[in-house]
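Notes for the one structure printed next.
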Amino acid sequence: MSIATIVGFIGAMGLFLGAIATATDDYAIFISASSFIMVGGGTLAATFISYEPRYVIMSFKVMAKIFGAPAIGRGVLKNEVGRIIRWAYTVQKNGIPALETEAKKSIRGDKFLRFGVDLVISGYTGEEVRECLNNAIETSYGRNTILVDIIKKMGAAAPAFGMIGTLVGLIIMLGSMGGDPSTLGAGLAVALCTTLYGVIFSQIIFLPSANKIMQREQIIRFRNYLVAEGLVLLADKKSPRFIQDRMNSFLDPAIHFDIDKAKK
Amino acid sequence: MSIATIVGFIGAMGLFLGAIATATDDYAIFISASSFIMVGGGTLAATFISYEPRYVIMSFKVMAKIFGAPAIGRGVLKNEVGRIIRWAYTVQKNGIPALETEAKKSIRGDKFLRFGVDLVISGYTGEEVRECLNNAIETSYGRNTILVDIIKKMGAAAPAFGMIGTLVGLIIMLGSMGGDPSTLGAGLAVALCTTLYGVIFSQIIFLPSANKIMQREQIIRFRNYLVAEGLVLLADKKSPRFIQDRMNSFLDPAIHFDIDKAKK
Amino acid sequence: MSIATIVGFIGAMGLFLGAIATATDDYAIFISASSFIMVGGGTLAATFISYEPRYVIMSFKVMAKIFGAPAIGRGVLKNEVGRIIRWAYTVQKNGIPALETEAKKSIRGDKFLRFGVDLVISGYTGEEVRECLNNAIETSYGRNTILVDIIKKMGAAAPAFGMIGTLVGLIIMLGSMGGDPSTLGAGLAVALCTTLYGVIFSQIIFLPSANKIMQREQIIRFRNYLVAEGLVLLADKKSPRFIQDRMNSFLDPAIHFDIDKAKK
Amino acid sequence: MSIATIVGFIGAMGLFLGAIATATDDYAIFISASSFIMVGGGTLAATFISYEPRYVIMSFKVMAKIFGAPAIGRGVLKNEVGRIIRWAYTVQKNGIPALETEAKKSIRGDKFLRFGVDLVISGYTGEEVRECLNNAIETSYGRNTILVDIIKKMGAAAPAFGMIGTLVGLIIMLGSMGGDPSTLGAGLAVALCTTLYGVIFSQIIFLPSANKIMQREQIIRFRNYLVAEGLVLLADKKSPRFIQDRMNSFLDPAIHFDIDKAKK
Amino acid sequence: MSIATIVGFIGAMGLFLGAIATATDDYAIFISASSFIMVGGGTLAATFISYEPRYVIMSFKVMAKIFGAPAIGRGVLKNEVGRIIRWAYTVQKNGIPALETEAKKSIRGDKFLRFGVDLVISGYTGEEVRECLNNAIETSYGRNTILVDIIKKMGAAAPAFGMIGTLVGLIIMLGSMGGDPSTLGAGLAVALCTTLYGVIFSQIIFLPSANKIMQREQIIRFRNYLVAEGLVLLADKKSPRFIQDRMNSFLDPAIHFDIDKAKK
């Protein structure tokens, strides 16, 4: 569970509801099924015209995941370096075939790592391993950031449909006003509600979700490039110390992996 | 037929008409031929000044196609890998000339694949095949995304012409108001109608169409790069297993092609 | 003459004037010399501060050209391939010097082609020819798209000066209103006129012109890259069939050049 | 301490408060705890949904640092060239091992320099040193500019939450107006306060902070590339004069380092 | 002196003042020291928070320079080609050392050219000269375009501070209105004045200055790349005719340098 996401989400909704509660007793004015349907439904409809349905559904699934914990933390990166270096010692002693039994243990459900290790075991050169893994990283990142694009487009469509709803409300109100300015207030309040819904949907749900998913995908991509670098050097049978220096260059100096310390 | 596009389009129009129907009985206020002509005609005129007419007409044709099914689905990508690998076994056994009869069967109307196979059969090296196919992919993608640009420009012009119409309406109304605020409402309602048309044209027709065409073109480009990679390796007479690993690196691990499973 | 540009331009102006004519008899309110001077003059002044005067004048000249026919159509591209391939046969039979007499006939005023043929005749390698021609293409494209940038900036400045005029009008009107709301209407109408002028200048003149010039320049650049590719292969004395495959890879499969058909 | 930051910050706040003080005695209208909570809290909540909490906290820490002095000034760059050239003479006379004692003195807390010198001492080639150091520079720059992105997103969220607050205030006010326009003024004033807070947060705090941090990170990156260039040439055992010319090419001619002058 | 800049600037101010003068006798309403201080001071303060003070001061100095003549015109480019080709003949006859005396004459204060000639005389290869000169061009361009960025940011901050001032004015006016709509006009006029100042500062001063400086820097960069190309070929001891073809490829065909014509 991602406590920050949940706290942020509850905080934003609480602020919004609290602001209303402290300012007025007439809550009913903010509850408008037709505004909700106009903004939510319009955004959904425009999204289904814009993208193949399979991607739209996936983008909603991925939005639900931001309430879960991220896949990769900071400590993980250092451990990845350590693992590759252990494998490098194994390859140095017993050759690449020995990697097979060693690696199988720690791969578990990590499909990217399994694919990479398989390539190294197949005996490809470092350059060939790099091309395959870079392809895998970029196409996987591309597939996932399409979903981010879809969510961002929803975040742009929601205020636009809010504006459409407000224009519809304004036109109805103005057309039937009949020269009596005293009805203007209530009508305008109802019309503006749709704009409010649109901005809230966009600012509290769509745009923050898109940002969080984007950030997590970038971290995954970064981790995969780090692992790919290690596997490429492994395929080229570089020394563990060379691998350490090369992989450390990707990391914050504060968490540089150090063989000598790790051995103790 | 693309059910999502049609459902999305009907849904968006239904939401909009429903919102009007539930809120007022005076539908006439939303029907304005002059607003429609101002927004639609202005957008069209600006587009014809902006682009050569051949492209504008093609962009309308392509917009009509989003109601049809997409050319390429997810399963297709895996099948492409399988087909190239079958060809690789053929080439391994009987040499490149044998590819000619084998390939002819499955190419049908696919001009990109025919061009690629012709290059391989002509005996060009992998590097030469890659350059030609990359050219073909990028120039074809470029030709088609110009149409997307045109539709996006229409999506930006429509609200601008809506605003022009509203300004014209406002100026007329304000100029003839004569100090009587009771006529302000009706005049403003009519003037705002043009803005509403502009935003609806943009948000429900132009921008979603542009997005869907863009997405489909990107999928076609992706598929073509996948096929091109396979043909390049074929021209270089790489082993089927190497081709499998290289082409799989483009795919989601969940749909990786596996020779051993496919043989059974 | 570019009929589409002219029709588009007349159509846009006709729509605008028609919308006014059908809605009011009081045309005078839309005719405002001071609004015209504010928007047109302000845009011009800002452009002269922004760019060297030579470029500003060139950008107006280039805007006038959009009423003329485009330099390059679709058939032209196919002909370019045919011409280069004829030259390739000449070079194959009689060597590069024979190109001189052959080429001179068809170059006429085409300075890019003349420069390219001169390089090939000078005996430079394909790589040297490519570097020179790519330079020539990109710097020429760069010089011409600066003008597009200038026109786009005018399209952004016009509504801003419209807004400045409207603010000036608003401030004068509000400052002298003296609590009598009945004068508000007429004053606001005059003030909004400047905004209307700014948006129309931008949407009907500047932005569409910039788009059309940009599109034509991109087509010219595309054609030049196609010709450059052919000349590079000519300098490397490649076979006509190889040149055909390479140049065709730039074209829509529907217009691929075919030596065998062309010979008949 | 960065006097410019502090003066700028105090100046901006002073201008704002001065403008209020000279125009009205009724300061209370500008003090609104609910507006402050809406804008500040909403921005914070949206940021916590958008990014992992560790990064959000780091972005606040980094914002506090803009009141401190920048790490790198103009003179520093010239000194870096001088130091690398002294090391080059040492390497020329006594070989790379002599660098170890010489370098240790001047590295102090500079982790990037220590990492680079370690790579040179380890005997890697220039190309290997370059790859590692470029990795280190770009990943470190990437890590720090994520924080800039977060602050920029806050700068975009603040006015949006200001607008949400104003919409809430408007709807409440309009809904309860009851046809009495005399209450419109006060209610609107309170509602607009939230927009004002949002714009001020964005324009005085978030966007300027993001700009300053970005600029400082770019200067650090520039300095690191300069040092990396020197270390690469050192690893390749180039002559001090060659290193001087190459490193000087990064600098403003006015501060070019000159061995002959420095020796005196 | 750049007459276009001065005429443009005077023209823009004249238009603005003329528009006011023809429309009202009550000029006083447009003169507002507090608006001026709010916009000018706020922009300045935000800029000092955003950037190191040294850069802010430099950006003002550079803004003053747009009233001066540009450093480089069109004829200059052709002369650069001619000069390099003369040097090429010198090198061909007497070797690179002869360049020293020849070049010294025409360099004068041109630091880039002096640096380039020094590199050629030092006997570096063409590739080494190219790397150093490209570094020098790009870092110098980068240093100068940071100033353009700063001015652009000012152009974005000015209307934002105009809006802050207007909001402050609006809130004060609305808060003290007391139900009397007759005071609304004058208060709104004063409040809008700050927005007007902000837009004028941005559209007449900051954005055009940024554009002109940017354009001049791009021309300088273009000229430097042209000169660098020539010096690289000189270092590689290419023939004058080859240098001519290569350098001409950067130029508009209408001003191609021609040795044979120049000799006459």
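In the structure tokens, chains take letters A, B, ... by order of appearance, with residues numbered from 1 within each chain and ligands from 1 in the order shown.
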Shell of 9 Å around Val56 (chain C), only C-alpha atoms, local chain residues under 6 positions omitted, as an NGL selection string
:C and (44 or 47-48 or 147 or 150-151)
Taking the chain letters and numbering used in this document, name the residues of region 17-260 of chain C that DSSP puts in helix (DSSP H, G or I), as an NGL selection string.
:C and (17-23 or 27-30 or 33-50 or 53-67 or 74-94 or 97-107 or 111-121 or 126-175 or 181-235 or 240-248 or 253-255 or 259-260)
Can you tell me, as a list of chain:residue names, what residues are no more than 8 Å from Gln244 (chain A) when counting only C-alpha atoms, ignoring any on the same chain fewer than 4 positions away?
A:Val81, A:Ile85, A:Pro240, A:Asn248, A:Phe257, A:Asp258, A:Ile259
Could the residues in this selection be saved with all heavy atoms as a PDB file, in the first residue's frame?
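Result file again_7.pdb:
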```pdb
ATOM      1  N   VAL A  81      23.159  -4.320  -7.963  1.00  0.00           N
ATOM      2  CA  VAL A  81      24.592  -4.303  -8.241  1.00  0.00           C
ATOM      3  C   VAL A  81      25.261  -5.474  -7.543  1.00  0.00           C
ATOM      4  O   VAL A  81      26.046  -6.221  -8.142  1.00  0.00           O
ATOM      5  CB  VAL A  81      25.229  -2.969  -7.798  1.00  0.00           C
ATOM      6  CG1 VAL A  81      26.713  -2.956  -8.120  1.00  0.00           C
ATOM      7  CG2 VAL A  81      24.531  -1.792  -8.462  1.00  0.00           C
ATOM      8  N   ILE A  85      27.298  -8.676  -9.262  1.00  0.00           N
ATOM      9  CA  ILE A  85      28.721  -8.898  -8.956  1.00  0.00           C
ATOM     10  C   ILE A  85      28.946 -10.302  -8.403  1.00  0.00           C
ATOM     11  O   ILE A  85      29.937 -10.956  -8.743  1.00  0.00           O
ATOM     12  CB  ILE A  85      29.227  -7.793  -7.993  1.00  0.00           C
ATOM     13  CG1 ILE A  85      29.334  -6.487  -8.783  1.00  0.00           C
ATOM     14  CG2 ILE A  85      30.561  -8.163  -7.384  1.00  0.00           C
ATOM     15  CD1 ILE A  85      29.586  -5.280  -7.946  1.00  0.00           C
ATOM     16  N   PRO A 240      34.743  -8.636 -12.035  1.00  0.00           N
ATOM     17  CA  PRO A 240      33.759  -8.098 -11.088  1.00  0.00           C
ATOM     18  C   PRO A 240      34.042  -6.636 -10.718  1.00  0.00           C
ATOM     19  O   PRO A 240      33.121  -5.839 -10.569  1.00  0.00           O
ATOM     20  CB  PRO A 240      33.910  -9.007  -9.867  1.00  0.00           C
ATOM     21  CG  PRO A 240      34.417 -10.282 -10.416  1.00  0.00           C
ATOM     22  CD  PRO A 240      35.283  -9.928 -11.581  1.00  0.00           C
ATOM     23  N   ASN A 248      28.210   1.252 -10.629  1.00  0.00           N
ATOM     24  CA  ASN A 248      28.164   2.322  -9.631  1.00  0.00           C
ATOM     25  C   ASN A 248      27.994   3.687 -10.278  1.00  0.00           C
ATOM     26  O   ASN A 248      27.390   4.594  -9.692  1.00  0.00           O
ATOM     27  CB  ASN A 248      29.450   2.322  -8.792  1.00  0.00           C
ATOM     28  CG  ASN A 248      29.341   1.431  -7.575  1.00  0.00           C
ATOM     29  OD1 ASN A 248      28.236   1.016  -7.202  1.00  0.00           O
ATOM     30  ND2 ASN A 248      30.474   1.109  -6.964  1.00  0.00           N
ATOM     31  N   PHE A 257      27.971   0.672  -4.377  1.00  0.00           N
ATOM     32  CA  PHE A 257      28.245  -0.658  -3.864  1.00  0.00           C
ATOM     33  C   PHE A 257      29.762  -0.834  -3.771  1.00  0.00           C
ATOM     34  O   PHE A 257      30.501  -0.391  -4.643  1.00  0.00           O
ATOM     35  CB  PHE A 257      27.661  -1.700  -4.825  1.00  0.00           C
ATOM     36  CG  PHE A 257      27.814  -3.099  -4.350  1.00  0.00           C
ATOM     37  CD1 PHE A 257      26.872  -3.649  -3.495  1.00  0.00           C
ATOM     38  CD2 PHE A 257      28.892  -3.876  -4.739  1.00  0.00           C
ATOM     39  CE1 PHE A 257      27.004  -4.959  -3.045  1.00  0.00           C
ATOM     40  CE2 PHE A 257      29.031  -5.170  -4.287  1.00  0.00           C
ATOM     41  CZ  PHE A 257      28.086  -5.714  -3.443  1.00  0.00           C
ATOM     42  N   ASP A 258      30.242  -1.468  -2.705  1.00  0.00           N
ATOM     43  CA  ASP A 258      31.681  -1.660  -2.533  1.00  0.00           C
ATOM     44  C   ASP A 258      31.958  -3.120  -2.211  1.00  0.00           C
ATOM     45  O   ASP A 258      31.596  -3.623  -1.146  1.00  0.00           O
ATOM     46  CB  ASP A 258      32.188  -0.741  -1.421  1.00  0.00           C
ATOM     47  CG  ASP A 258      33.717  -0.762  -1.337  1.00  0.00           C
ATOM     48  OD1 ASP A 258      34.315  -1.772  -1.757  1.00  0.00           O
ATOM     49  OD2 ASP A 258      34.292   0.226  -0.871  1.00  0.00           O
ATOM     50  N   ILE A 259      32.618  -3.826  -3.181  1.00  0.00           N
ATOM     51  CA  ILE A 259      32.878  -5.263  -3.000  1.00  0.00           C
ATOM     52  C   ILE A 259      33.550  -5.537  -1.660  1.00  0.00           C
ATOM     53  O   ILE A 259      33.146  -6.431  -0.918  1.00  0.00           O
ATOM     54  CB  ILE A 259      33.809  -5.792  -4.126  1.00  0.00           C
ATOM     55  CG1 ILE A 259      33.131  -5.644  -5.490  1.00  0.00           C
ATOM     56  CG2 ILE A 259      34.156  -7.250  -3.876  1.00  0.00           C
ATOM     57  CD1 ILE A 259      34.008  -6.106  -6.649  1.00  0.00           C
TER      58      ILE A 259
END
```
Please provide the set of residues having any atom within 7 Å of region 140-145 of chain A, restricted to only C-alpha atoms, with same-chain residues fewer than 6 positions apart removed, written as a PDB file with N, CA and C atoms, in the first residue's frame.
```
ATOM      1  N   MET A 214       3.901   7.622 -14.337  1.00  0.00           N
ATOM      2  CA  MET A 214       5.072   8.008 -15.137  1.00  0.00           C
ATOM      3  C   MET A 214       6.348   7.873 -14.310  1.00  0.00           C
ATOM      4  N   GLU A 217       7.241   4.249 -13.760  1.00  0.00           N
ATOM      5  CA  GLU A 217       7.757   3.610 -14.976  1.00  0.00           C
ATOM      6  C   GLU A 217       9.194   4.056 -15.256  1.00  0.00           C
ATOM      7  N   ARG A 221      12.401   1.680 -15.588  1.00  0.00           N
ATOM      8  CA  ARG A 221      13.286   1.738 -16.746  1.00  0.00           C
ATOM      9  C   ARG A 221      14.728   1.953 -16.314  1.00  0.00           C
TER      10      ARG A 221
ATOM     11  N   ASP B 252       5.889  -7.728 -25.460  1.00  0.00           N
ATOM     12  CA  ASP B 252       5.529  -7.963 -24.067  1.00  0.00           C
ATOM     13  C   ASP B 252       5.907  -9.404 -23.702  1.00  0.00           C
TER      14      ASP B 252
END
```
Using only C-alpha atoms, which of E:Leu234, E:Ala64, E:Ala189, E:Ala262 sits nearest chain C?
E:Ala189
Could you name the residues that touch region 126-136 of chain D at 9 Å or less, counting only C-alpha atoms, but leaving out those on the same chain fewer than 6 positions away, as a count of residues only?
25
Using only C-alpha atoms, select each residue of chain B with any atom at most 8 Å away from an atom of chain C, and give the selection as a PyMOL selection string.
chain B and resi 34+37-38+41-42+44-53+111-112+119+132-133+135-136+139-140+157+160-161+164+167-168+170-172+174-180
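Straight-line separation from CA of Ile121 (chain D) to CA of Asn94 (chain D): 12.8 Å.
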